[in-house]
>>> print(open('coords.csv').read())   # CSV, C-alpha atoms and all ligand atoms
chain,number,residue,atom,x,y,z
A,1,ALA,CA,-31.1,15.2,-8.9
A,2,ASP,CA,-33.0,13.7,-11.7
A,3,GLN,CA,-34.6,10.3,-11.8
A,4,SER,CA,-31.6,8.5,-13.4
A,5,SER,CA,-29.0,9.7,-10.9
A,6,GLU,CA,-31.4,8.7,-8.0
A,7,GLU,CA,-31.3,5.3,-9.5
A,8,ALA,CA,-27.6,5.3,-10.0
A,9,LEU,CA,-26.5,6.4,-6.6
A,10,PRO,CA,-27.5,3.2,-4.7
A,11,LEU,CA,-25.8,1.2,-7.5
A,12,LEU,CA,-22.6,3.2,-6.9
A,13,ASP,CA,-22.9,2.6,-3.2
A,14,GLN,CA,-23.3,-1.0,-3.8
A,15,LEU,CA,-20.1,-1.1,-6.0
A,16,ARG,CA,-18.2,1.0,-3.5
A,17,SER,CA,-19.0,-1.3,-0.6
A,18,ARG,CA,-17.9,-4.5,-2.3
A,19,HIS,CA,-14.6,-5.8,-1.2
A,20,SER,CA,-13.7,-7.4,-4.4
A,21,ALA,CA,-14.6,-7.1,-8.1
A,22,ASP,CA,-17.7,-9.4,-8.4
A,23,ALA,CA,-19.6,-9.0,-11.6
A,24,ASP,CA,-21.8,-12.0,-10.8
A,25,GLY,CA,-22.9,-10.5,-7.6
A,26,ILE,CA,-23.7,-7.2,-9.3
A,27,LEU,CA,-25.7,-9.0,-12.0
A,28,ALA,CA,-27.6,-10.9,-9.4
A,29,TRP,CA,-28.3,-7.6,-7.6
A,30,LEU,CA,-29.6,-6.0,-10.9
A,31,ARG,CA,-31.8,-9.0,-11.5
A,32,TYR,CA,-33.1,-8.8,-7.9
A,33,ARG,CA,-34.0,-5.2,-8.5
A,34,GLN,CA,-35.7,-6.4,-11.6
A,35,LEU,CA,-33.6,-4.3,-13.9
A,36,LYS,CA,-33.8,-6.3,-17.1
A,37,LEU,CA,-30.8,-7.4,-19.0
A,38,PRO,CA,-31.1,-9.2,-22.3
A,39,GLU,CA,-30.0,-12.8,-22.1
A,40,GLY,CA,-27.9,-14.8,-24.6
A,41,SER,CA,-26.4,-13.7,-27.9
A,42,GLY,CA,-23.2,-12.6,-26.2
A,43,PHE,CA,-24.8,-9.4,-25.0
A,44,ASP,CA,-25.0,-10.7,-21.5
A,45,GLN,CA,-21.2,-11.3,-21.6
A,46,THR,CA,-20.6,-7.8,-22.8
A,47,ILE,CA,-22.5,-6.5,-19.8
A,48,GLN,CA,-20.8,-8.9,-17.5
A,49,ARG,CA,-17.4,-7.6,-18.8
A,50,THR,CA,-18.4,-4.0,-18.5
A,51,LEU,CA,-19.6,-4.5,-14.9
A,52,GLN,CA,-16.4,-6.4,-14.1
A,53,GLU,CA,-14.5,-3.4,-15.3
A,54,ALA,CA,-16.7,-1.0,-13.4
A,55,ALA,CA,-16.2,-3.1,-10.2
A,56,GLU,CA,-12.4,-3.1,-10.8
A,57,GLY,CA,-12.5,0.6,-11.3
A,58,ALA,CA,-14.5,1.0,-8.0
A,59,ASN,CA,-11.9,-1.2,-6.3
A,60,ARG,CA,-9.1,1.0,-7.6
A,61,VAL,CA,-10.9,4.1,-6.4
A,62,ARG,CA,-11.3,2.5,-3.0
A,63,ARG,CA,-7.5,2.0,-2.8
A,64,ILE,CA,-6.8,5.5,-3.8
A,65,VAL,CA,-9.3,6.9,-1.4
A,66,ARG,CA,-7.8,4.8,1.4
A,67,ASP,CA,-4.3,6.1,0.5
A,68,LEU,CA,-5.5,9.7,0.2
A,69,ARG,CA,-7.1,9.4,3.6
A,70,SER,CA,-3.8,8.7,5.2
A,71,PHE,CA,-2.5,12.0,3.6
A,72,ALA,CA,-5.4,13.8,5.3
A,73,ARG,CA,-4.9,12.0,8.6
A,74,ALA,CA,-1.2,12.9,8.5
A,75,ASP,CA,-2.0,16.4,9.7
A,76,ASP,CA,-4.2,15.9,12.8
A,77,GLU,CA,-2.0,13.6,15.0
A,78,ALA,CA,0.0,15.3,17.7
A,79,LEU,CA,3.8,14.9,17.7
A,80,GLN,CA,5.2,13.1,20.7
A,81,ALA,CA,8.2,11.0,21.7
A,82,VAL,CA,7.8,7.6,19.9
A,83,ASP,CA,9.5,4.3,20.5
A,84,ILE,CA,10.3,3.4,16.9
A,85,HIS,CA,10.6,-0.4,17.7
A,86,GLU,CA,7.0,-0.4,18.9
A,87,VAL,CA,5.9,1.3,15.7
A,88,ILE,CA,7.8,-1.1,13.5
A,89,ASP,CA,6.4,-4.1,15.4
A,90,ALA,CA,2.9,-2.8,14.9
A,91,ALA,CA,3.5,-2.5,11.2
A,92,ILE,CA,5.0,-6.0,11.1
A,93,ASP,CA,1.9,-7.4,12.7
A,94,ILE,CA,-0.3,-5.8,10.1
A,95,ALA,CA,1.9,-6.8,7.2
A,96,ASP,CA,2.4,-10.3,8.5
A,97,ASN,CA,-0.1,-11.8,6.0
A,98,GLU,CA,1.8,-10.4,3.0
A,99,ILE,CA,5.3,-11.3,4.4
A,100,ARG,CA,4.7,-14.8,5.8
A,101,HIS,CA,4.3,-16.7,2.5
A,102,ARG,CA,7.2,-15.0,0.8
A,103,ALA,CA,10.1,-14.3,3.2
A,104,ARG,CA,11.6,-14.7,6.6
A,105,LEU,CA,11.5,-11.6,8.7
A,106,GLU,CA,14.8,-10.7,10.5
A,107,LYS,CA,15.1,-8.0,13.1
A,108,ASP,CA,18.3,-6.4,14.1
A,109,TYR,CA,17.2,-3.7,16.6
A,110,GLY,CA,19.9,-1.5,18.1
A,111,GLU,CA,19.8,0.7,21.2
A,112,VAL,CA,18.0,3.8,19.9
A,113,PRO,CA,16.5,7.0,21.5
A,114,ALA,CA,12.8,7.9,21.0
A,115,VAL,CA,12.1,9.8,17.8
A,116,ARG,CA,9.8,12.8,17.4
A,117,GLY,CA,6.7,11.9,15.5
A,118,ALA,CA,3.2,10.6,15.5
A,119,PRO,CA,2.7,6.8,16.0
A,120,GLY,CA,-0.1,6.4,13.4
A,121,ARG,CA,1.8,8.2,10.7
A,122,LEU,CA,5.0,6.3,11.4
A,123,THR,CA,3.2,3.0,11.4
A,124,GLN,CA,1.9,3.9,8.0
A,125,VAL,CA,5.5,4.6,6.7
A,126,PHE,CA,6.8,1.2,7.8
A,127,LEU,CA,3.7,-0.6,6.8
A,128,ASN,CA,4.1,0.7,3.2
A,129,LEU,CA,7.8,-0.2,3.1
A,130,LEU,CA,7.2,-3.7,4.5
A,131,VAL,CA,4.3,-4.4,2.1
A,132,ASN,CA,6.4,-3.1,-0.9
A,133,ALA,CA,9.3,-5.4,0.3
A,134,ALA,CA,7.0,-8.4,0.5
A,135,HIS,CA,5.5,-7.7,-3.0
A,136,ALA,CA,9.0,-7.5,-4.5
A,137,ILE,CA,9.5,-11.1,-3.6
A,138,PRO,CA,7.4,-13.5,-5.7
A,139,GLU,CA,5.3,-16.0,-3.7
A,140,GLU,CA,6.9,-18.9,-5.5
A,141,ALA,CA,10.4,-17.5,-5.0
A,142,TYR,CA,13.0,-20.1,-4.8
A,143,GLY,CA,15.6,-20.2,-2.0
A,144,ASP,CA,16.2,-18.2,1.1
A,145,GLN,CA,14.2,-15.0,0.8
A,146,PHE,CA,14.2,-12.5,3.7
A,147,ILE,CA,13.1,-9.0,4.7
A,148,LYS,CA,15.4,-7.4,7.3
A,149,VAL,CA,14.6,-4.5,9.6
A,150,ALA,CA,17.7,-2.9,11.2
A,151,THR,CA,17.8,0.1,13.5
A,152,ARG,CA,20.7,2.1,14.8
A,153,ALA,CA,21.4,5.5,16.4
A,154,GLU,CA,24.0,7.9,15.0
A,155,ARG,CA,24.7,11.6,16.0
A,156,GLY,CA,21.3,12.3,17.4
A,157,ASN,CA,19.4,10.6,14.6
A,158,VAL,CA,17.7,7.2,14.4
A,159,TYR,CA,18.3,5.1,11.2
A,160,ILE,CA,16.0,2.4,10.1
A,161,ASP,CA,16.9,0.1,7.1
A,162,ILE,CA,14.4,-2.2,5.5
A,163,SER,CA,16.0,-4.6,3.1
A,164,ASP,CA,14.6,-7.2,0.9
A,165,THR,CA,15.9,-9.9,-1.4
A,166,GLY,CA,13.2,-9.1,-4.0
A,167,THR,CA,13.4,-8.1,-7.7
A,168,GLY,CA,15.3,-4.9,-7.2
A,169,ILE,CA,14.6,-1.6,-8.9
A,170,SER,CA,16.1,-0.6,-12.3
A,171,ASP,CA,18.1,2.6,-12.8
A,172,GLU,CA,15.5,3.7,-15.3
A,173,ILE,CA,12.8,4.1,-12.7
A,174,ILE,CA,14.6,4.5,-9.4
A,175,ASP,CA,14.4,8.3,-9.6
A,176,ARG,CA,10.6,8.2,-10.0
A,177,ILE,CA,9.5,5.7,-7.4
A,178,PHE,CA,8.8,8.4,-4.8
A,179,ASP,CA,6.6,10.3,-7.2
A,180,PRO,CA,2.8,10.3,-6.6
A,181,PHE,CA,1.0,7.8,-8.8
A,182,PHE,CA,4.2,6.1,-10.1
A,183,THR,CA,3.6,2.4,-10.0
A,184,THR,CA,4.8,-0.7,-11.8
A,185,LYS,CA,2.1,-2.8,-10.3
A,186,ALA,CA,-0.8,-4.2,-12.4
A,187,GLN,CA,-3.7,-1.9,-12.9
A,188,GLY,CA,-5.9,-1.9,-9.8
A,189,MET,CA,-3.1,-3.4,-7.7
A,190,GLY,CA,-1.0,-0.4,-6.9
A,191,THR,CA,-1.9,3.3,-6.4
A,192,GLY,CA,1.6,4.5,-6.6
A,193,LEU,CA,1.0,6.6,-3.5
A,194,GLY,CA,2.7,4.5,-0.9
A,195,LEU,CA,6.2,5.8,-1.3
A,196,SER,CA,5.1,9.4,-1.8
A,197,ILE,CA,3.2,9.1,1.5
A,198,CYS,CA,6.3,7.8,3.2
A,199,HIS,CA,8.4,10.6,1.8
A,200,GLY,CA,5.9,13.2,2.8
A,201,ILE,CA,5.6,11.9,6.4
A,202,VAL,CA,9.3,11.4,6.9
A,203,THR,CA,10.5,14.7,5.5
A,204,GLY,CA,7.6,16.4,7.4
A,205,LEU,CA,9.3,15.2,10.6
A,206,GLY,CA,12.7,16.5,9.5
A,207,GLY,CA,13.9,13.1,8.4
A,208,GLU,CA,15.0,11.6,5.1
A,209,ILE,CA,14.2,8.5,3.1
A,210,LYS,CA,16.5,7.0,0.5
A,211,VAL,CA,16.8,3.8,-1.5
A,212,GLN,CA,19.6,1.6,-2.8
A,213,SER,CA,18.9,-1.2,-5.1
A,214,ARG,CA,20.4,-3.7,-7.4
A,215,ILE,CA,18.3,-5.6,-10.0
A,216,GLY,CA,18.0,-9.3,-9.1
A,217,GLU,CA,19.5,-8.8,-5.7
A,218,GLY,CA,17.0,-6.6,-3.7
A,219,SER,CA,16.5,-3.2,-2.3
A,220,THR,CA,17.2,-1.3,0.9
A,221,PHE,CA,15.0,1.6,2.0
A,222,SER,CA,16.7,3.8,4.6
A,223,VAL,CA,14.8,6.1,6.8
A,224,MET,CA,16.4,8.7,9.0
A,225,LEU,CA,14.4,10.3,11.8
A,226,PRO,CA,15.7,13.0,14.3
A,227,ALA,CA,15.7,11.8,17.9
A,228,SER,CA,13.1,13.4,20.1
A,229,ASP,CA,14.3,16.2,22.4
A,230,VAL,CA,11.5,15.8,24.9
B,1,LIG,P1,2.7,1.0,-5.3
B,1,LIG,O1,3.2,0.0,-4.3
B,1,LIG,O2,1.2,1.3,-5.2
B,1,LIG,O3,3.1,0.7,-6.7
B,1,LIG,P2,4.6,2.8,-4.2
B,1,LIG,O4,4.7,4.3,-4.2
B,1,LIG,O5,4.6,2.2,-2.8
B,1,LIG,O6,3.3,2.5,-4.9
B,1,LIG,O7,5.8,2.2,-5.0
B,1,LIG,C1,6.1,2.7,-6.3
B,1,LIG,C2,6.9,1.7,-7.1
B,1,LIG,O8,8.2,1.5,-6.5
B,1,LIG,C3,6.3,0.2,-7.1
B,1,LIG,O9,5.3,0.1,-8.1
B,1,LIG,C4,7.6,-0.6,-7.4
B,1,LIG,O10,7.9,-0.5,-8.8
B,1,LIG,C5,8.7,0.2,-6.7
B,1,LIG,N1,9.1,-0.4,-5.4
B,1,LIG,C6,8.8,0.1,-4.2
B,1,LIG,N2,9.3,-0.6,-3.3
B,1,LIG,C7,10.0,-1.6,-3.9
B,1,LIG,C8,10.8,-2.8,-3.4
B,1,LIG,N3,11.0,-3.0,-2.1
B,1,LIG,N4,11.3,-3.6,-4.4
B,1,LIG,C9,11.1,-3.3,-5.7
B,1,LIG,N5,10.4,-2.3,-6.2
B,1,LIG,C10,9.8,-1.5,-5.3
>>> encode(input="coords.csv", output="structure tokens", more="lines below")
Ligand code: ADP
Amino acid sequence: ADQSSEEALPLLDQLRSRHSADADGILAWLRYRQLKLPEGSGFDQTIQRTLQEAAEGANRVRRIVRDLRSFARADDEALQAVDIHEVIDAAIDIADNEIRHRARLEKDYGEVPAVRGAPGRLTQVFLNLLVNAAHAIPEEAYGDQFIKVATRAERGNVYIDISDTGTGISDEIIDRIFDPFFTTKAQGMGTGLGLSICHGIVTGLGGEIKVQSRIGEGSTFSVMLPASDV
């Protein structure tokens, strides 16, 4: 590696390890390392903006790497009989921060057999669905907003419905939402990988995932998983 990349690598590490875009912090760090930046005449602001964009880019990469990691993890967890309610409750605990300010969470758990799966992978599925449901409901939403999780058994399969009273999904995009990298979220906010991860995991277990939605009324994601035969 040449001199300049040896200099650049620690800076990249620094960017990568930051939890949020923070150009001020990066500027301070550059100054601490005595890397000179011209002051005044707007040039400083240009650098500030460029660094802000770099930090946002790093942030976006961090999200993508995190989502891609869960693809990788998906293969090395052994299949076992899983209590789906335990898995959903774990996902609810993790998503609670996103849900609490926006909606009431309702549970309607039926009597269901264990499913065949891997707890970590399945937690990821319901976490993605719950976070998407929460993000479909604006924080300042007026009125009675809820996210409902219902489970039932039918002919040897377990069905899990996650419904929200959020924005709904238009007919123009509904066929694309399970595609990798399809997102309607602001740049840096969504990776567009969540639903394609869900789809990959669920179909990998012999199940199905579907959506029904109406603009302005909300959406229901329905997951079917075969019951465990062990
Ligand atoms: P991301 O959340 O990063 O955008 P996803 O694959 O999880 O990626 O979702 C893709 C897109 O599907 C979202 O950007 C959004 O437009 C739409 N979507 C997913 N879930 C919902 C939902 N519950 N309500 C409304 N739109 C949704």
>>> residues_near_ligand(input="coords.csv", ligand="ligand LIG 1 (chain B)", cutoff="7 Å", atoms="all atoms listed in the file", output="list of chain:residue names")
A:Asn128, A:Leu129, A:Asn132, A:Ala133, A:Ala136, A:Asp164, A:Gly166, A:Thr167, A:Gly168, A:Ile169, A:Ile177, A:Phe178, A:Asp179, A:Pro180, A:Phe181, A:Phe182, A:Thr183, A:Thr184, A:Lys185, A:Met189, A:Gly190, A:Thr191, A:Gly192, A:Leu193, A:Gly194, A:Leu195, A:Ser196, A:Gly218, A:Ser219
>>> atom_distance(input="coords.csv", atom1="CA of Ala153 in chain A", atom2="CA of Asp93 in chain A")
23.7 Å
>>> residues_around(input="coords.csv", residues="Lys107 in chain A", least_positions_apart="6", cutoff="9 Å", atoms="all atoms listed in the file", output="compact mmCIF listing (two decimals) with C-alpha atoms, keeping the file's coordinate frame")
# COMPACT_ATOMS: atom_id res chain seq x y z
CA ILE A 147 13.10 -9.00 4.70
CA LYS A 148 15.40 -7.40 7.30
CA VAL A 149 14.60 -4.50 9.60
CA ALA A 150 17.70 -2.90 11.20
CA THR A 151 17.80 0.10 13.50
>>> atom_distance(input="coords.csv", atom1="CA of Ala95 in chain A", atom2="CA of Ala134 in chain A")
8.6 Å
>>> atom_distance(input="coords.csv", atom1="CA of Glu111 in chain A", atom2="CA of Gly207 in chain A")
18.8 Å
